$ cat entry09.cif   # mmCIF, C-alpha atoms
data_protein
#
loop_
_atom_site.label_atom_id
_atom_site.label_comp_id
_atom_site.auth_asym_id
_atom_site.auth_seq_id
_atom_site.Cartn_x
_atom_site.Cartn_y
_atom_site.Cartn_z
CA ASP A 1 22.02 -9.72 20.45
CA ILE A 2 24.53 -10.00 23.27
CA GLN A 3 27.53 -7.70 22.88
CA LEU A 4 30.84 -8.38 24.58
CA THR A 5 33.28 -5.62 25.43
CA GLN A 6 36.82 -6.09 26.70
CA SER A 7 39.11 -3.81 28.64
CA PRO A 8 41.72 -2.77 28.17
CA SER A 9 42.00 -3.11 24.40
CA SER A 10 45.75 -3.45 24.83
CA LEU A 11 48.29 -3.48 27.61
CA SER A 12 52.02 -3.64 28.07
CA ALA A 13 53.40 -5.80 30.84
CA SER A 14 56.68 -7.30 31.99
CA VAL A 15 57.56 -10.93 32.59
CA GLY A 16 56.38 -11.84 36.07
CA ASP A 17 53.59 -9.26 36.15
CA ARG A 18 50.06 -10.08 37.18
CA VAL A 19 47.69 -9.28 34.32
CA THR A 20 43.92 -9.00 34.48
CA ILE A 21 41.62 -8.62 31.47
CA THR A 22 37.94 -7.82 31.83
CA CYS A 23 35.05 -8.93 29.63
CA ARG A 24 31.60 -7.43 30.04
CA ALA A 25 28.41 -8.77 28.48
CA SER A 26 25.51 -6.52 27.51
CA GLN A 27 23.12 -8.84 29.35
CA ASN A 28 23.24 -11.71 31.80
CA ILE A 29 25.01 -14.74 30.31
CA ALA A 30 25.34 -16.66 33.59
CA GLY A 31 28.68 -18.53 33.33
CA PHE A 32 28.63 -19.19 29.58
CA LEU A 33 31.89 -17.40 28.86
CA ASN A 34 35.08 -18.78 27.35
CA TRP A 35 38.55 -17.29 26.96
CA TYR A 36 40.95 -17.86 24.06
CA GLN A 37 44.58 -17.00 23.41
CA HIS A 38 45.62 -16.14 19.86
CA LYS A 39 49.19 -15.62 18.75
CA PRO A 40 50.16 -14.27 15.31
CA GLY A 41 50.48 -17.08 12.79
CA LYS A 42 48.98 -19.61 15.20
CA VAL A 43 45.49 -20.90 15.75
CA PRO A 44 43.36 -19.71 18.67
CA LYS A 45 43.50 -21.83 21.79
CA VAL A 46 40.88 -22.29 24.49
CA LEU A 47 42.19 -21.33 27.93
CA ILE A 48 39.08 -21.20 30.08
CA TYR A 49 35.51 -22.39 29.57
CA GLY A 50 32.42 -21.97 31.67
CA ALA A 51 33.94 -18.74 33.03
CA SER A 52 36.34 -20.49 35.40
CA THR A 53 37.23 -24.01 34.27
CA LEU A 54 40.78 -24.43 33.03
CA GLN A 55 41.04 -26.29 29.71
CA ASP A 56 43.18 -29.44 29.86
CA GLY A 57 46.86 -28.67 29.40
CA VAL A 58 46.60 -24.94 30.12
CA PRO A 59 49.07 -23.69 32.77
CA SER A 60 47.63 -22.95 36.18
CA ARG A 61 48.85 -19.32 36.06
CA PHE A 62 45.72 -18.69 33.97
CA SER A 63 42.44 -18.33 35.81
CA GLY A 64 38.96 -17.08 35.07
CA ALA A 65 36.24 -15.67 37.26
CA GLY A 66 32.85 -14.01 37.09
CA SER A 67 29.24 -14.64 36.24
CA GLY A 68 26.30 -12.70 34.93
CA THR A 69 27.76 -9.77 33.02
CA ASP A 70 31.28 -9.28 34.39
CA PHE A 71 34.18 -11.66 33.87
CA THR A 72 37.94 -11.60 34.28
CA LEU A 73 40.90 -13.51 32.93
CA THR A 74 43.98 -13.34 35.15
CA ILE A 75 47.54 -14.38 34.42
CA THR A 76 49.28 -14.52 37.78
CA SER A 77 52.87 -14.35 36.53
CA LEU A 78 53.23 -13.38 32.88
CA GLN A 79 55.62 -15.46 30.82
CA THR A 80 57.21 -14.65 27.47
CA GLU A 81 54.98 -17.21 25.74
CA ASP A 82 51.88 -15.40 27.03
CA TYR A 83 52.30 -12.40 24.75
CA ALA A 84 49.23 -12.70 22.56
CA THR A 85 45.73 -11.39 21.96
CA TYR A 86 43.04 -12.68 24.31
CA TYR A 87 39.37 -13.00 23.39
CA CYS A 88 36.29 -13.75 25.41
CA GLN A 89 33.42 -15.59 23.72
CA GLN A 90 29.88 -16.30 24.89
CA SER A 91 27.84 -19.46 24.33
CA TYR A 92 24.71 -18.38 26.19
CA THR A 93 22.69 -17.44 23.15
CA THR A 94 21.56 -20.25 20.90
CA GLY A 95 23.04 -19.71 17.48
CA ARG A 96 25.03 -16.61 18.42
CA PHE A 97 28.55 -17.49 19.56
CA SER A 98 29.97 -13.98 19.61
CA PHE A 99 33.50 -12.95 20.53
CA GLY A 100 34.72 -9.88 22.32
CA PRO A 101 36.98 -7.45 20.42
CA GLY A 102 40.18 -8.77 21.98
CA THR A 103 42.91 -7.55 24.32
CA LYS A 104 46.46 -7.45 23.03
CA VAL A 105 49.15 -8.15 25.61
CA ASP A 106 52.63 -7.08 24.59
CA ILE A 107 56.06 -6.60 26.08
CA LYS A 108 56.74 -3.57 28.23
CA ASP B 1 44.69 -35.67 18.28
CA VAL B 2 42.03 -34.11 16.11
CA GLN B 3 43.46 -32.34 13.09
CA LEU B 4 41.67 -29.92 10.79
CA VAL B 5 42.98 -28.82 7.40
CA GLU B 6 41.25 -26.10 5.37
CA SER B 7 41.49 -25.54 1.66
CA GLY B 8 39.82 -23.53 -1.06
CA GLY B 9 40.78 -19.98 -0.21
CA GLY B 10 41.94 -17.45 -2.77
CA LEU B 11 41.28 -14.20 -4.56
CA VAL B 12 37.75 -13.55 -5.71
CA GLN B 13 36.04 -10.56 -7.26
CA PRO B 14 33.18 -8.86 -5.42
CA GLY B 15 29.98 -10.69 -6.24
CA GLY B 16 31.87 -13.90 -6.88
CA SER B 17 31.70 -17.28 -5.19
CA LEU B 18 34.13 -19.55 -3.41
CA ARG B 19 33.89 -22.86 -1.58
CA LEU B 20 36.01 -23.60 1.47
CA SER B 21 36.59 -27.11 2.74
CA CYS B 22 37.89 -28.51 6.00
CA ILE B 23 39.00 -32.10 6.32
CA VAL B 24 39.06 -33.58 9.81
CA SER B 25 41.21 -36.51 10.88
CA GLY B 26 42.31 -38.19 14.08
CA SER B 27 38.87 -38.85 15.48
CA THR B 28 35.31 -39.73 14.48
CA PHE B 29 34.14 -36.73 12.49
CA SER B 30 30.46 -37.46 13.04
CA ASP B 31 30.97 -37.00 16.81
CA TYR B 32 31.81 -33.33 16.32
CA SER B 33 29.82 -30.21 15.68
CA MET B 34 31.62 -27.78 13.41
CA ASN B 35 31.95 -24.05 12.96
CA TRP B 36 33.47 -21.42 10.75
CA VAL B 37 35.20 -18.48 12.40
CA ARG B 38 36.90 -15.69 10.48
CA GLN B 39 39.40 -12.93 11.17
CA ALA B 40 39.57 -9.91 8.90
CA PRO B 41 42.96 -8.18 8.55
CA GLY B 42 43.77 -6.30 11.73
CA LYS B 43 40.47 -7.30 13.31
CA GLY B 44 39.27 -9.77 15.91
CA LEU B 45 37.68 -13.19 15.67
CA GLU B 46 34.14 -13.44 14.32
CA TRP B 47 32.02 -16.59 14.51
CA ILE B 48 29.96 -16.98 11.35
CA SER B 49 28.36 -20.42 11.18
CA TYR B 50 27.63 -23.67 13.06
CA ILE B 51 26.46 -27.11 11.98
CA SER B 52 25.55 -29.94 14.31
CA SER B 53 27.13 -33.38 14.09
CA ASP B 54 24.22 -34.80 12.10
CA HIS B 55 23.70 -31.54 10.12
CA SER B 56 20.19 -31.19 11.53
CA THR B 57 20.90 -27.81 13.13
CA ILE B 58 22.54 -24.88 11.38
CA PHE B 59 23.16 -21.34 12.55
CA TYR B 60 24.53 -18.27 10.78
CA GLU B 61 25.71 -14.88 11.87
CA ASP B 62 23.50 -12.17 10.38
CA SER B 63 26.12 -10.68 8.05
CA VAL B 64 26.50 -13.93 6.09
CA LYS B 65 22.94 -15.27 6.30
CA GLY B 66 21.53 -15.80 2.81
CA ARG B 67 24.98 -15.60 1.18
CA PHE B 68 26.94 -18.41 2.86
CA THR B 69 25.92 -22.06 3.22
CA ILE B 70 27.53 -24.48 5.65
CA SER B 71 27.38 -28.21 4.98
CA ARG B 72 29.15 -31.41 5.92
CA ASP B 73 29.75 -34.87 4.53
CA ASN B 74 30.28 -37.27 7.41
CA ALA B 75 31.29 -40.08 5.04
CA LYS B 76 34.20 -37.96 3.80
CA ASN B 77 35.08 -36.25 7.10
CA ALA B 78 34.52 -32.95 5.35
CA LEU B 79 33.06 -29.59 6.27
CA HIS B 80 32.27 -26.99 3.61
CA LEU B 81 31.41 -23.33 3.39
CA GLN B 82 29.87 -22.19 0.13
CA MET B 83 30.27 -18.43 -0.12
CA THR B 84 28.34 -16.44 -2.71
CA ASN B 85 27.87 -12.76 -3.47
CA LEU B 86 31.21 -12.07 -1.80
CA ARG B 87 31.99 -8.56 -0.65
CA ALA B 88 35.23 -6.78 0.10
CA ASP B 89 34.46 -6.97 3.82
CA ASP B 90 34.39 -10.78 3.61
CA THR B 91 38.17 -10.63 3.19
CA ALA B 92 39.53 -12.65 6.07
CA VAL B 93 41.30 -15.77 7.23
CA TYR B 94 38.61 -18.42 7.63
CA TYR B 95 39.10 -21.06 10.31
CA CYS B 96 37.11 -24.23 10.78
CA ALA B 97 36.66 -25.09 14.44
CA ALA B 98 35.33 -28.23 16.10
CA LYS B 99 33.76 -29.30 19.37
CA GLU B 100 32.98 -32.87 20.37
CA GLY B 101 29.23 -33.05 20.80
CA ASP B 102 26.54 -30.61 19.77
CA PHE B 103 25.52 -27.28 21.23
CA TRP B 104 22.64 -27.39 23.66
CA SER B 105 21.34 -24.76 26.03
CA GLY B 106 23.19 -25.19 29.30
CA PHE B 107 26.35 -26.58 27.75
CA TYR B 108 29.61 -24.64 27.91
CA TYR B 109 30.07 -24.75 24.17
CA ARG B 110 33.52 -23.73 22.94
CA PHE B 111 35.84 -24.26 19.98
CA ASP B 112 38.33 -26.90 21.09
CA TYR B 113 40.05 -27.67 17.79
CA TRP B 114 41.00 -25.30 14.99
CA GLY B 115 42.32 -25.56 11.49
CA GLN B 116 45.27 -23.44 10.36
CA GLY B 117 43.08 -21.05 8.41
CA SER B 118 42.42 -20.28 4.76
CA LEU B 119 42.74 -16.76 3.35
CA VAL B 120 39.89 -15.36 1.29
CA THR B 121 40.55 -12.05 -0.42
CA GLY B 122 37.80 -10.12 -2.11
CA SER B 123 39.27 -7.68 -4.55
CA SER B 124 38.46 -6.08 -7.86
#
$ encode --input "entry09.cif" --output "structure tokens"
Amino acid sequence: DIQLTQSPSSLSASVGDRVTITCRASQNIAGFLNWYQHKPGKVPKVLIYGASTLQDGVPSRFSGAGSGTDFTLTITSLQTEDYATYYCQQSYTTGRFSFGPGTKVDIK
Amino acid sequence: DVQLVESGGGLVQPGGSLRLSCIVSGSTFSDYSMNWVRQAPGKGLEWISYISSDHSTIFYEDSVKGRFTISRDNAKNALHLQMTNLRADDTAVYYCAAKEGDFWSGFYYRFDYWGQGSLVTGSS
């Protein structure tokens, strides 16, 4: 099975900071990597799919990059509403739609 | 907009059973493949099951295979998860999640729409 790891597991950042989260797959998953944002008491929300395509309605300060085994999610200028936990998820393996362990972004 | 509403959660003893439901509105249910994703307390998201739009294809994560059964009733816009032989580590918020179209190899499959979640607590 494909395992996803994320780093860091948590980070503290200030409004306006540039934030980068990394997701690494245990084997090549091409570009079949999605990113989600999850806030406490809310439902998860797709930000990026296919490694780099912005979901409709998602602010352009979010971007995704990577292919193969290494992927990044970048927030170019962190806003207060961006404090959340971020998950990567792979859809490369038929019948195994695994998530990474998550990265919690909180206020510095 | 597509809306998903779960029901059926609650407290259940280890070894017990529970059936979750998810009612979908706002679009043609039979156009969507459906999933169950759970989040244990203090833990991350875990995908556990998928069913295609015409229920011809079903997948399970290994930890629930043989204990949980996913099903759907397209006439009633309903998704179900029958959970049996529940364990303490099945305690979680269970979300239904939808994607227009079915999974196929080469498709950037993701969970576009989510329900609000239903809490299942396994406790003796």
$ closest_residue --input "entry09.cif" --among "B:Phe29, B:Tyr60, B:Phe107, B:Trp47" --to "Leu33 (chain A)" --atoms "only C-alpha atoms"
B:Phe107
$ interface_residues --input "entry09.cif" --of "chain A" --to "chain B" --cutoff "6 Å" --atoms "all atoms listed in the file" --output "ChimeraX atom specification"
/A:32,43,50,91,95,101
$ resolve_selection --input "entry09.cif" --expression "the PyMOL selection byres ((chain A and resi 63-78) around 9)" --output "NGL selection string"
:A and (13-35 or 47-54 or 60-62 or 79-83 or 86 or 88)
$ atom_distance --input "entry09.cif" --atom1 "CA of Asp89 (chain B)" --atom2 "CA of Ser118 (chain B)"
15.5 Å
$ resolve_selection --input "entry09.cif" --expression "the PyMOL selection byres ((chain A and resi 38) around 6)" --output "ChimeraX atom specification"
/A:37,39,44,84-85
$ resolve_selection --input "entry09.cif" --expression "the PyMOL selection byres ((chain A and resi 104) around 7)" --output "PyMOL selection string"
chain A and resi 9-11+84-86+102-103+105-106
$ atom_distance --input "entry09.cif" --atom1 "CA of Tyr94 (chain B)" --atom2 "CA of Ser7 (chain A)"
25.6 Å
$ residues_near_point --input "entry09.cif" --point "(30.0, -32.6, 14.0)" --cutoff "9 Å" --atoms "all atoms listed in the file" --output "list in words"
Thr28, Phe29, Ser30, Asp31, Tyr32, Ser33, Met34, Asn35, Ile51, Ser52, Ser53, Asp54, His55, Arg72, Asn74, Leu79, Ala98, Lys99, Glu100, Gly101 and Asp102 of chain B
$ atom_distance --input "entry09.cif" --atom1 "CA of Gln3 (chain A)" --atom2 "CA of Phe99 (chain A)"
8.3 Å
$ closest_residue --input "entry09.cif" --among "B:Leu81, B:Cys96, B:Val5, B:Leu11" --to "Trp36 (chain B)" --atoms "only C-alpha atoms"
B:Cys96
$ axis_aligned_box --input "entry09.cif" --around "region 107-117 of chain B" --padding-each-side "5 Å" --output "AutoDock Vina command-line options"
--center_x 35.8 --center_y -24.4 --center_z 18.2 --size_x 28.9 --size_y 16.6 --size_z 29.5
$ closest_residue --input "entry09.cif" --among "B:Gly66, B:Ser123, B:Thr91, B:Gln3" --to "Ser25 (chain B)" --atoms "all atoms listed in the file"
B:Gln3
$ build_atoms --input "entry09.cif" --residues "region 5-16 of chain A" --atoms "all heavy atoms" --output "PDB file, in the coordinates of the input"
ATOM      1  N   THR A   5      32.225  -6.624  25.473  1.00  0.00           N
ATOM      2  CA  THR A   5      33.280  -5.620  25.430  1.00  0.00           C
ATOM      3  C   THR A   5      34.428  -6.101  26.300  1.00  0.00           C
ATOM      4  O   THR A   5      34.220  -6.838  27.276  1.00  0.00           O
ATOM      5  CB  THR A   5      32.780  -4.258  25.921  1.00  0.00           C
ATOM      6  OG1 THR A   5      32.265  -4.390  27.255  1.00  0.00           O
ATOM      7  CG2 THR A   5      31.684  -3.723  25.021  1.00  0.00           C
ATOM      8  N   GLN A   6      35.636  -5.704  25.947  1.00  0.00           N
ATOM      9  CA  GLN A   6      36.820  -6.090  26.700  1.00  0.00           C
ATOM     10  C   GLN A   6      37.602  -4.847  27.074  1.00  0.00           C
ATOM     11  O   GLN A   6      37.668  -3.882  26.311  1.00  0.00           O
ATOM     12  CB  GLN A   6      37.714  -7.035  25.897  1.00  0.00           C
ATOM     13  CG  GLN A   6      37.156  -8.424  25.719  1.00  0.00           C
ATOM     14  CD  GLN A   6      38.099  -9.343  24.969  1.00  0.00           C
ATOM     15  OE1 GLN A   6      37.720  -9.958  23.967  1.00  0.00           O
ATOM     16  NE2 GLN A   6      39.327  -9.473  25.433  1.00  0.00           N
ATOM     17  N   SER A   7      38.220  -4.895  28.233  1.00  0.00           N
ATOM     18  CA  SER A   7      39.110  -3.810  28.640  1.00  0.00           C
ATOM     19  C   SER A   7      40.291  -4.375  29.404  1.00  0.00           C
ATOM     20  O   SER A   7      40.163  -5.365  30.126  1.00  0.00           O
ATOM     21  CB  SER A   7      38.348  -2.787  29.503  1.00  0.00           C
ATOM     22  OG  SER A   7      37.837  -3.404  30.676  1.00  0.00           O
ATOM     23  N   PRO A   8      41.493  -3.786  29.194  1.00  0.00           N
ATOM     24  CA  PRO A   8      41.720  -2.770  28.170  1.00  0.00           C
ATOM     25  C   PRO A   8      41.757  -3.394  26.779  1.00  0.00           C
ATOM     26  O   PRO A   8      41.722  -4.614  26.641  1.00  0.00           O
ATOM     27  CB  PRO A   8      43.090  -2.226  28.575  1.00  0.00           C
ATOM     28  CG  PRO A   8      43.781  -3.412  29.177  1.00  0.00           C
ATOM     29  CD  PRO A   8      42.718  -4.195  29.892  1.00  0.00           C
ATOM     30  N   SER A   9      41.859  -2.569  25.748  1.00  0.00           N
ATOM     31  CA  SER A   9      42.000  -3.110  24.400  1.00  0.00           C
ATOM     32  C   SER A   9      43.424  -3.592  24.157  1.00  0.00           C
ATOM     33  O   SER A   9      43.660  -4.466  23.326  1.00  0.00           O
ATOM     34  CB  SER A   9      41.609  -2.061  23.365  1.00  0.00           C
ATOM     35  OG  SER A   9      42.398  -0.905  23.526  1.00  0.00           O
ATOM     36  N   SER A  10      44.365  -3.005  24.882  1.00  0.00           N
ATOM     37  CA  SER A  10      45.750  -3.450  24.830  1.00  0.00           C
ATOM     38  C   SER A  10      46.433  -3.070  26.132  1.00  0.00           C
ATOM     39  O   SER A  10      45.975  -2.166  26.844  1.00  0.00           O
ATOM     40  CB  SER A  10      46.491  -2.843  23.644  1.00  0.00           C
ATOM     41  OG  SER A  10      46.593  -1.454  23.784  1.00  0.00           O
ATOM     42  N   LEU A  11      47.495  -3.788  26.430  1.00  0.00           N
ATOM     43  CA  LEU A  11      48.290  -3.480  27.610  1.00  0.00           C
ATOM     44  C   LEU A  11      49.725  -3.922  27.393  1.00  0.00           C
ATOM     45  O   LEU A  11      49.987  -4.852  26.621  1.00  0.00           O
ATOM     46  CB  LEU A  11      47.686  -4.127  28.864  1.00  0.00           C
ATOM     47  CG  LEU A  11      47.664  -5.649  28.952  1.00  0.00           C
ATOM     48  CD1 LEU A  11      48.927  -6.189  29.638  1.00  0.00           C
ATOM     49  CD2 LEU A  11      46.430  -6.129  29.714  1.00  0.00           C
ATOM     50  N   SER A  12      50.605  -3.257  28.084  1.00  0.00           N
ATOM     51  CA  SER A  12      52.020  -3.640  28.070  1.00  0.00           C
ATOM     52  C   SER A  12      52.385  -4.102  29.473  1.00  0.00           C
ATOM     53  O   SER A  12      52.048  -3.443  30.458  1.00  0.00           O
ATOM     54  CB  SER A  12      52.895  -2.452  27.669  1.00  0.00           C
ATOM     55  OG  SER A  12      52.619  -2.039  26.358  1.00  0.00           O
ATOM     56  N   ALA A  13      53.045  -5.232  29.544  1.00  0.00           N
ATOM     57  CA  ALA A  13      53.400  -5.800  30.840  1.00  0.00           C
ATOM     58  C   ALA A  13      54.755  -6.489  30.757  1.00  0.00           C
ATOM     59  O   ALA A  13      55.210  -6.876  29.668  1.00  0.00           O
ATOM     60  CB  ALA A  13      52.330  -6.774  31.308  1.00  0.00           C
ATOM     61  N   SER A  14      55.370  -6.659  31.907  1.00  0.00           N
ATOM     62  CA  SER A  14      56.680  -7.300  31.990  1.00  0.00           C
ATOM     63  C   SER A  14      56.535  -8.748  32.433  1.00  0.00           C
ATOM     64  O   SER A  14      55.533  -9.121  33.070  1.00  0.00           O
ATOM     65  CB  SER A  14      57.567  -6.543  32.978  1.00  0.00           C
ATOM     66  OG  SER A  14      57.737  -5.204  32.590  1.00  0.00           O
ATOM     67  N   VAL A  15      57.537  -9.543  32.105  1.00  0.00           N
ATOM     68  CA  VAL A  15      57.560 -10.930  32.590  1.00  0.00           C
ATOM     69  C   VAL A  15      57.473 -10.917  34.109  1.00  0.00           C
ATOM     70  O   VAL A  15      58.156 -10.140  34.781  1.00  0.00           O
ATOM     71  CB  VAL A  15      58.830 -11.643  32.110  1.00  0.00           C
ATOM     72  CG1 VAL A  15      58.966 -13.009  32.778  1.00  0.00           C
ATOM     73  CG2 VAL A  15      58.809 -11.794  30.591  1.00  0.00           C
ATOM     74  N   GLY A  16      56.587 -11.759  34.622  1.00  0.00           N
ATOM     75  CA  GLY A  16      56.380 -11.840  36.070  1.00  0.00           C
ATOM     76  C   GLY A  16      55.223 -11.001  36.577  1.00  0.00           C
ATOM     77  O   GLY A  16      54.780 -11.179  37.724  1.00  0.00           O
TER      78      GLY A  16
END
